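Engineer: Provided below: coords01.cif, containing mmCIF, C-alpha atoms.
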data_structure
loop_
_atom_site.label_atom_id
_atom_site.label_comp_id
_atom_site.auth_asym_id
_atom_site.auth_seq_id
_atom_site.Cartn_x
_atom_site.Cartn_y
_atom_site.Cartn_z
CA MET A 1 12.04 -20.92 -11.53
CA PRO A 2 10.40 -17.94 -9.80
CA LEU A 3 12.00 -14.51 -10.07
CA GLY A 4 14.10 -13.51 -7.10
CA LEU A 5 15.61 -16.98 -6.66
CA ARG A 6 17.31 -17.22 -10.01
CA LYS A 7 20.74 -16.37 -8.59
CA LYS A 8 22.06 -17.66 -5.31
CA LYS A 9 23.19 -14.75 -3.13
CA ASN A 10 25.31 -14.66 -0.03
CA LYS A 11 23.50 -14.74 3.28
CA SER A 12 24.06 -11.11 4.22
CA LYS A 13 22.55 -9.70 1.02
CA GLU A 14 19.71 -12.20 0.99
CA SER A 15 18.68 -11.24 4.50
CA SER A 16 18.03 -7.68 3.31
CA ASN A 17 15.55 -8.81 0.67
CA LEU A 18 13.86 -12.07 1.56
CA VAL A 19 11.24 -12.57 4.23
CA GLU A 20 12.72 -15.92 5.29
CA ASN A 21 15.56 -13.97 7.01
CA GLU A 22 13.41 -11.26 8.54
CA GLU A 23 14.54 -11.29 12.16
CA GLY A 24 16.76 -8.40 13.24
CA GLY A 25 20.28 -8.96 14.44
CA PRO A 26 21.32 -8.62 18.08
CA THR A 27 23.28 -5.44 17.43
CA ALA A 28 20.23 -3.62 16.12
CA GLY A 29 18.18 -4.76 19.12
CA ARG A 30 20.76 -3.51 21.62
CA ALA A 31 21.04 -0.19 19.78
CA ALA A 32 17.28 0.33 19.88
CA LYS A 33 17.15 -0.50 23.61
CA SER A 34 20.03 1.85 24.34
CA ALA A 35 18.28 4.66 22.47
CA VAL A 36 15.15 4.17 24.58
CA ASN A 37 16.86 3.84 27.97
CA GLY A 38 19.75 6.22 27.49
CA ALA A 39 18.13 9.52 28.36
CA GLY A 40 20.28 12.46 27.32
CA LEU A 41 22.42 10.37 24.98
CA PRO A 42 22.91 11.49 21.37
CA PRO A 43 20.74 9.78 18.73
CA PRO A 44 22.08 6.54 17.27
CA ALA A 45 24.12 6.58 14.11
CA PRO A 46 22.02 6.61 10.89
CA ASN A 47 22.84 2.98 10.11
CA LEU A 48 21.43 1.90 13.51
CA ARG A 49 18.19 3.91 13.40
CA PRO A 50 14.94 2.00 12.81
CA LYS A 51 14.10 1.60 9.13
CA LEU A 52 10.72 1.24 7.47
CA VAL A 53 10.52 -2.16 5.79
CA PHE A 54 7.81 -3.01 3.24
CA HIS A 55 6.88 -6.41 1.82
CA THR A 56 6.52 -6.82 -1.92
CA GLN A 57 5.76 -9.33 -4.67
CA LEU A 58 5.57 -9.28 -8.44
CA ALA A 59 1.87 -9.17 -9.25
CA HIS A 60 1.99 -12.11 -11.67
CA GLY A 61 3.62 -14.32 -9.02
CA SER A 62 6.92 -14.39 -7.13
CA PRO A 63 8.42 -15.03 -3.70
CA THR A 64 7.85 -12.30 -1.12
CA GLY A 65 10.67 -9.80 -0.83
CA ARG A 66 11.25 -6.88 1.46
CA ILE A 67 12.50 -3.42 0.61
CA GLU A 68 13.60 -0.33 2.51
CA GLY A 69 15.53 2.90 2.14
CA PHE A 70 13.68 4.64 -0.72
CA SER A 71 12.51 8.27 -0.90
CA ASN A 72 10.63 8.47 -4.20
CA VAL A 73 8.87 6.25 -6.71
CA GLN A 74 11.94 5.66 -8.91
CA GLU A 75 13.99 4.55 -5.90
CA LEU A 76 11.10 2.29 -4.88
CA TYR A 77 11.14 0.64 -8.32
CA ASP A 78 14.91 0.25 -8.10
CA LYS A 79 14.59 -1.53 -4.75
CA ILE A 80 11.89 -3.86 -6.07
CA ALA A 81 13.97 -4.61 -9.16
CA GLU A 82 17.00 -5.41 -6.99
CA ALA A 83 14.94 -7.77 -4.83
CA PHE A 84 13.76 -9.79 -7.85
CA ASN A 85 16.77 -9.51 -10.19
CA ILE A 86 14.91 -7.55 -12.88
CA ASN A 87 15.48 -4.18 -14.51
CA SER A 88 13.48 -1.36 -12.94
CA SER A 89 12.38 -0.28 -16.43
CA GLU A 90 10.27 -3.48 -16.55
CA ILE A 91 7.96 -2.16 -13.80
CA LEU A 92 4.85 -0.41 -15.14
CA PHE A 93 3.15 0.50 -11.86
CA CYS A 94 2.39 -0.84 -8.38
CA THR A 95 -0.82 -1.60 -6.53
CA LEU A 96 -1.29 -1.80 -2.78
CA ASN A 97 -2.70 -4.88 -1.03
CA THR A 98 -3.90 -6.56 -4.25
CA HIS A 99 -2.19 -8.30 -7.16
CA ARG A 100 -5.05 -7.35 -9.49
CA ILE A 101 -5.01 -4.40 -11.89
CA ASP A 102 -7.18 -2.33 -9.60
CA MET A 103 -6.90 1.41 -10.22
CA ASP A 104 -8.55 2.14 -6.86
CA LYS A 105 -5.49 0.57 -5.21
CA LEU A 106 -2.85 2.24 -7.36
CA LEU A 107 0.30 3.32 -5.54
CA GLY A 108 0.63 7.08 -5.64
CA GLY A 109 2.49 9.46 -3.38
CA GLN A 110 1.60 7.71 -0.11
CA ILE A 111 2.07 4.19 1.22
CA GLY A 112 0.42 2.97 4.43
CA LEU A 113 3.03 1.69 6.84
CA GLU A 114 1.39 -1.76 6.77
CA ASP A 115 0.66 -1.87 3.03
CA PHE A 116 1.86 -4.77 0.86
CA ILE A 117 3.27 -3.65 -2.50
CA PHE A 118 2.58 -5.57 -5.74
CA ALA A 119 4.67 -4.62 -8.79
CA HIS A 120 3.12 -5.05 -12.25
CA VAL A 121 5.74 -5.66 -14.94
CA LYS A 122 5.67 -5.47 -18.72
CA GLY A 123 3.80 -8.20 -20.55
CA VAL A 124 2.48 -8.44 -24.11
CA LYS A 125 3.11 -5.64 -26.60
CA LYS A 126 0.34 -4.67 -29.00
CA GLU A 127 -0.26 -2.20 -31.82
CA VAL A 128 -3.77 -0.92 -32.56
CA GLU A 129 -5.22 1.37 -35.22
CA VAL A 130 -8.15 3.47 -34.00
CA LEU A 131 -10.53 5.78 -35.85
CA LYS A 132 -11.15 8.94 -33.84
CA SER A 133 -14.87 9.18 -34.59
CA GLN A 134 -15.57 11.56 -31.67
CA ASP A 135 -13.76 14.56 -30.22
CA ALA A 136 -13.15 12.75 -26.92
CA LEU A 137 -11.59 9.29 -26.90
CA GLY A 138 -12.84 8.43 -23.40
CA LEU A 139 -9.45 7.72 -21.82
CA THR A 140 -8.17 8.93 -18.47
CA ILE A 141 -4.37 8.88 -18.34
CA THR A 142 -2.06 8.69 -15.34
CA ASP A 143 1.61 7.83 -14.97
CA ASN A 144 3.79 5.79 -12.67
CA GLY A 145 6.01 8.64 -11.52
CA ALA A 146 8.97 7.18 -13.39
CA GLY A 147 8.24 7.93 -17.04
CA TYR A 148 5.44 5.54 -18.04
CA ALA A 149 1.97 6.88 -18.87
CA PHE A 150 -0.83 4.34 -18.77
CA ILE A 151 -4.61 4.06 -19.01
CA LYS A 152 -6.40 4.50 -15.69
CA ARG A 153 -9.99 4.56 -16.93
CA ILE A 154 -12.02 3.93 -20.09
CA LYS A 155 -15.35 5.73 -20.29
CA GLU A 156 -18.27 3.47 -21.08
CA GLY A 157 -19.67 4.03 -24.60
CA SER A 158 -16.62 5.99 -25.73
CA VAL A 159 -14.44 5.47 -28.80
CA MET A 160 -11.89 3.49 -26.79
CA ASP A 161 -14.59 1.42 -25.12
CA GLY A 162 -15.29 -0.01 -28.56
CA VAL A 163 -11.66 -1.14 -29.03
CA LYS A 164 -11.69 -4.25 -26.85
CA VAL A 165 -7.98 -4.97 -27.15
CA ILE A 166 -7.19 -1.75 -25.25
CA CYS A 167 -7.48 -2.21 -21.49
CA VAL A 168 -7.07 -0.36 -18.22
CA GLY A 169 -3.45 -0.66 -17.08
CA ASP A 170 -2.00 -0.62 -20.61
CA HIS A 171 1.15 1.49 -20.92
CA LEU A 172 1.09 3.96 -23.82
CA GLU A 173 4.41 3.59 -25.59
CA CYS A 174 3.86 5.35 -28.95
CA ILE A 175 1.19 7.57 -30.55
CA ASN A 176 1.46 7.60 -34.37
CA GLN A 177 5.08 6.43 -34.11
CA LYS A 178 5.90 9.22 -31.63
CA ASN A 179 7.58 7.67 -28.60
CA VAL A 180 5.93 8.94 -25.42
CA VAL A 181 8.06 7.03 -22.91
CA GLY A 182 9.24 9.61 -20.40
CA VAL A 183 6.46 12.03 -21.32
CA ARG A 184 4.23 13.15 -18.42
CA HIS A 185 0.60 12.06 -18.32
CA TYR A 186 -0.82 15.54 -19.00
CA GLU A 187 1.29 15.84 -22.17
CA VAL A 188 0.17 12.39 -23.36
CA ALA A 189 -3.47 13.36 -22.71
CA SER A 190 -2.93 16.56 -24.68
CA LEU A 191 -1.43 14.65 -27.63
CA LEU A 192 -4.46 12.35 -27.73
CA LYS A 193 -6.85 15.27 -27.51
CA GLU A 194 -5.13 17.07 -30.41
CA LEU A 195 -5.44 14.11 -32.80
CA PRO A 196 -7.69 15.14 -35.73
CA ARG A 197 -11.26 13.87 -35.70
CA ASP A 198 -12.43 11.30 -38.29
CA GLN A 199 -8.82 10.25 -38.92
CA PRO A 200 -7.19 6.95 -37.94
CA PHE A 201 -4.23 6.88 -35.58
CA THR A 202 -1.97 4.14 -34.26
CA LEU A 203 -1.16 3.27 -30.66
CA LYS A 204 1.61 1.03 -29.43
CA LEU A 205 0.85 -0.31 -25.96
CA VAL A 206 2.30 -2.72 -23.40
CA GLU A 207 -0.09 -4.57 -21.11
CA PRO A 208 0.89 -5.73 -17.62
CA MET A 209 1.97 -9.35 -17.29
CA LYS A 210 -0.85 -11.56 -16.08
CA THR A 211 -1.19 -14.96 -14.47
CA PHE A 212 -4.02 -17.36 -15.20
CA GLU A 213 -5.98 -16.37 -12.11
CA VAL A 214 -5.70 -12.70 -13.10
CA LEU A 215 -7.05 -13.24 -16.61
CA GLU A 216 -10.46 -11.63 -16.37
CA PRO A 217 -12.81 -9.38 -18.36
CA ARG A 218 -11.33 -6.04 -19.24
CA SER A 219 -11.92 -3.39 -16.59
CA LYS A 220 -13.23 0.14 -17.07
CA GLY A 221 -10.96 1.19 -14.20
CA THR A 222 -11.83 3.31 -11.22
CA THR A 223 -15.05 5.25 -11.14
CA ALA A 224 -14.95 8.96 -10.41
CA GLY A 225 -14.99 9.45 -6.67
CA GLY A 226 -14.38 5.75 -6.09
CA GLU A 227 -10.85 5.77 -4.75
CA ASP A 228 -10.68 4.38 -1.24
CA ARG A 229 -8.23 5.28 1.47
CA ILE A 230 -5.47 2.72 1.03
CA GLY A 231 -3.30 2.77 4.14
CA SER A 232 -4.22 0.16 6.71
CA GLY A 233 -1.71 1.32 9.33
CA ARG A 234 -1.77 4.38 11.56
CA GLY A 235 0.55 6.37 9.32
CA THR A 236 1.74 6.68 5.75
CA LEU A 237 5.06 7.13 4.00
CA ARG A 238 4.77 10.23 1.80
CA LEU A 239 6.96 10.00 -1.32
CA ARG A 240 8.02 13.33 -2.79
CA SER A 241 9.54 14.17 -6.16
CA LYS A 242 11.78 16.70 -4.38
CA GLY A 243 13.15 16.16 -0.91
CA PRO A 244 13.15 13.13 1.38
CA ALA A 245 10.21 10.86 2.09
CA THR A 246 8.40 11.59 5.34
CA VAL A 247 6.22 9.55 7.69
CA GLU A 248 2.91 11.31 8.25
CA ASP A 249 -0.39 10.66 9.97
CA MET A 250 -3.21 9.27 7.88
CA PRO A 251 -4.92 12.05 5.87
CA THR A 252 -7.66 13.93 7.70
CA GLU A 253 -11.24 13.91 6.45
CA PHE A 254 -10.68 17.39 5.02
CA GLU A 255 -7.57 16.25 3.14
CA GLU A 256 -9.29 13.13 1.80
CA LYS A 257 -12.26 15.11 0.46
CA ALA A 258 -10.17 17.94 -0.94
CA VAL A 259 -7.70 15.61 -2.67
CA GLN A 260 -10.53 13.57 -4.19
CA LYS A 261 -12.24 16.69 -5.53
CA VAL A 262 -9.02 18.13 -6.96
CA ASP A 263 -8.25 14.77 -8.59
CA ASP A 264 -11.72 14.88 -10.17
CA LEU A 265 -10.96 18.38 -11.46
CA LEU A 266 -7.66 17.17 -12.97
CA GLU A 267 -9.60 14.54 -14.89
CA SER A 268 -12.26 17.00 -16.00
CA TYR A 269 -9.86 19.71 -17.19
CA MET A 270 -6.78 17.74 -18.24
CA GLY A 271 -7.83 14.13 -18.79
CA ILE A 272 -5.53 12.79 -16.08
CA ARG A 273 -5.83 11.39 -12.57
CA ASP A 274 -2.94 11.89 -10.16
CA ARG A 275 -3.56 11.75 -6.40
CA GLU A 276 0.01 12.74 -5.59
CA LEU A 277 -0.36 15.89 -7.68
CA ALA A 278 -3.79 16.57 -6.16
CA ALA A 279 -2.40 16.12 -2.63
CA THR A 280 0.43 18.54 -3.40
CA MET A 281 -2.06 21.13 -4.68
CA VAL A 282 -4.19 20.79 -1.53
CA GLU A 283 -1.11 21.11 0.68
CA VAL A 284 0.01 24.22 -1.21
CA GLY A 285 -3.44 25.82 -1.27
CA LYS A 286 -4.98 25.06 2.11
CA ASP A 287 -3.86 28.36 3.68
CA LYS A 288 -4.29 30.61 0.63
CA LYS A 289 -6.85 33.42 0.94
CA ASN A 290 -7.86 33.81 -2.71
CA PRO A 291 -7.34 32.24 -6.18
CA ASP A 292 -4.54 34.69 -7.07
CA GLU A 293 -2.48 33.57 -4.07
CA LEU A 294 -3.16 29.95 -5.01
CA ALA A 295 -2.11 30.56 -8.63
CA MET A 296 1.19 32.08 -7.53
CA ALA A 297 1.84 29.25 -5.10
CA LEU A 298 1.08 26.60 -7.74
CA ASP A 299 3.42 28.30 -10.22
CA GLU A 300 6.18 28.22 -7.62
CA ALA A 301 5.60 24.63 -6.53
CA LEU A 302 4.54 23.10 -9.87
CA GLY A 303 6.18 25.20 -12.56
CA ASP A 304 5.99 22.40 -15.14
CA PHE A 305 2.19 22.71 -15.31
CA ALA A 306 0.24 25.46 -17.08
CA PHE A 307 -3.08 25.44 -15.25
CA PRO A 308 -6.04 27.33 -16.77
CA ASP A 309 -7.44 30.18 -14.65
CA GLU A 310 -10.82 28.42 -14.43
CA PHE A 311 -9.13 25.30 -13.08
CA VAL A 312 -7.24 27.24 -10.38
CA PHE A 313 -10.47 28.97 -9.33
CA ASP A 314 -12.27 25.62 -9.06
CA VAL A 315 -9.38 24.11 -7.06
CA TRP A 316 -9.52 27.03 -4.62
CA GLY A 317 -13.27 26.52 -4.30
CA ALA A 318 -12.86 22.76 -3.77
CA ILE A 319 -10.36 23.30 -0.94
CA GLY A 320 -12.71 25.82 0.64
CA ASP A 321 -15.67 23.45 0.34
CA ALA A 322 -13.68 20.70 2.02
CA LYS A 323 -12.73 23.00 4.89
CA GLU A 324 -16.37 23.90 5.43
CA GLY A 325 -17.54 20.30 5.08
CA ARG A 326 -19.80 21.13 2.15
CA PHE A 327 -19.13 17.89 0.25
CA GLN A 328 -21.74 15.19 0.35
CA THR A 329 -20.62 11.90 1.88
#
For this file, write the structure as structure tokens.
Structural biologist:
Amino acid sequence: MPLGLRKKKNKSKESSNLVENEEGGPTAGRAAKSAVNGAGLPPPAPNLRPKLVFHTQLAHGSPTGRIEGFSNVQELYDKIAEAFNINSSEILFCTLNTHRIDMDKLLGGQIGLEDFIFAHVKGVKKEVEVLKSQDALGLTITDNGAGYAFIKRIKEGSVMDGVKVICVGDHLECINQKNVVGVRHYEVASLLKELPRDQPFTLKLVEPMKTFEVLEPRSKGTTAGGEDRIGSGRGTLRLRSKGPATVEDMPTEFEEKAVQKVDDLLESYMGIRDRELAATMVEVGKDKKNPDELAMALDEALGDFAFPDEFVFDVWGAIGDAKEGRFQT
């Protein structure tokens, strides 16, 4: 029996989750009309204000559910879990507008107002021993914003490219018996980098659950510079780790180019890709006059990170290049 229909719910709760009961009630319609026509009247009560509703499925197959009322990634996972009667800890990551493990469509800090959300849940666990025969393993790490680091890219010809059981989308659970659940992506990347060369190490991983039509050759993940604009609507919902979610216009050409370049720099310097982090850095740095001002602003906004001076200088340069339109298209 498909997830989401395992328990019979009462009609009022089901109507908040399932597409079959999508029409709005008469009270909501009258409230919206009153708000439009009643010039000078106070705004409607919070429970009568329009809500953003998103459609969602489990990537390996499920009914379509609908979710609303979330402000960050963890709350989003909680809403998806509630819709399908699963634990939110089962969700590894989400993709937008595709059920495939496509790192170009990975959900980050922004969701287009018309995007369809697919949740990828835990599948097969595996344990692999790897010989670190080169200084760099060839992995790019990201995380889901809720405590799970996973593989976003495998560099062709690298050490990890030769270990065919390791795939893009795999969640890194343990490194040499050290549990890294809840550890941020940059710390996981640092642990992998610090592993001694010419010594074996063990990884415990969890791959996303797949359906038969999704079983396909292992992917190398996104290519550098290959992330497309995801939102298909006129605006996006910006999820923030601190503060409420906000509805914003689609990113400008400057923002798109600057965020892409900063994300590339994160991969180059730290072995991670994180568009939400890159977008935050661009937002913080777009009005800064020099690298010192940018460094101080980043320390204030992102105190958990210890960015090298060279990285901060390059970020400042990337933002400046984007402003001047000096990036090639």
Engineer: What's the 12 Å shell around A:Val159, counting only C-alpha atoms, without same-chain residues fewer than 6 positions away, as a ChimeraX atom specification?
Structural biologist: /A:129-139,166,197-198,200
Engineer: When the PyMOL selection byres ((chain A and resi 106) around 10) is applied to the structure above, which residues does it catch, written out as a PyMOL selection string?
Structural biologist: chain A and resi 93-98+101-105+107-109+117-118+144+152+222+227+230+275
Engineer: I need every residue sitting at most 8 Å from the point (-12.9, 17.9, 3.3) (coordinates as in the file, all atoms listed in the file considered), written as a PyMOL selection string.
Structural biologist: chain A and resi 252-258+319+321-327
Engineer: Provide the atom CA of A:Met160 to atom CA of A:Leu92 distance in Å, to one decimal place.
Structural biologist: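 Answer for the atom CA of A:Met160 to atom CA of A:Leu92 separation: 20.8 Å.
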Engineer: Kindly resolve the PyMOL selection byres ((chain A and resi 116) around 10) on the present coordinates and return the residues as a list in words.
Structural biologist: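 Evaluating the PyMOL selection byres ((chain A and resi 116) around 10) on this file yields Phe54, His55, Thr56, Gln57, Thr64, Arg66, Thr95, Leu96, Asn97, Thr98, His99, Ile111, Gly112, Leu113, Glu114, Asp115, Ile117, Phe118, Gly231 and Ser232 of chain A.
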Engineer: Under the PyMOL selection byres ((chain A and resi 201-210) around 9), which residues of this model are included? Write them out as a PyMOL selection string.
Structural biologist: chain A and resi 59-61+91-93+100-101+120-132+150+166-177+179+195-196+199-200+211-215
Engineer: Using all atoms listed in the file for the distances, tell me which of A:Tyr269, A:Glu276, A:Thr140, A:Pro291 is nearest to A:Asn72.
Structural biologist: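 Smallest distance to A:Asn72 is found for A:Glu276.
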Engineer: How far is it from atom CA of A:Val53 to atom CA of A:Val73, in Å with one decimal?
Structural biologist: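 Rounded to one decimal, the two atoms are 15.2 Å apart.
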Engineer: So, counting all atoms listed in the file, which residue among A:Ala149, A:Met296, A:Leu76, A:Ala306 is closest to A:Arg273?
Structural biologist: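 When distances to A:Arg273 are compared using all atoms listed in the file, the smallest one comes from A:Ala149.
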Engineer: What gap, in Å, lies between atom CA of A:Asn87 and atom CA of A:Ala189?
Structural biologist: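 So the two atoms, atom CA of A:Asn87 and atom CA of A:Ala189, lie 27.1 Å apart.
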Engineer: From the set A:Leu58, A:Ala297, A:Ile154, A:Met270, which residue has the shortest atom-to-atom contact distance to A:Ile86, counting all atoms listed in the file?
Structural biologist: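 Once distances to A:Ile86 are computed over all atoms listed in the file, the minimum belongs to A:Leu58.
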Engineer: When distances are computed from all atoms listed in the file, which of A:Arg184, A:Lys193, A:Lys51, A:Lys286 shows the smallest separation from A:Asp143?
Structural biologist: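 The shortest atom-to-atom distance to A:Asp143 comes from A:Arg184.
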Engineer: Considering all atoms listed in the file, state which residue in the set A:Ser89, A:Val259, A:Lys288, A:Asp161 is at the smallest distance from A:Val181.
Structural biologist: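 Looking at the shortest contact to A:Val181, the residue is A:Ser89.
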Engineer: Smallest atom-to-atom distance to A:Val312: which of A:Ile80, A:Gln260, A:Glu293, A:Val180, using all atoms listed in the file?
Structural biologist: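 Smallest distance to A:Val312 is found for A:Glu293.
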Engineer: Using only the atoms of stretch 249-267 of chain A listed in the file, plus 3 Å on each side, state the axis-aligned box centre and edge lengths in Å rounded to one decimal, as lines of an AutoDock Vina configuration file.
Structural biologist:
center_x = -6.3
center_y = 13.8
center_z = -2.5
size_x = 17.9
size_y = 15.1
size_z = 30.9
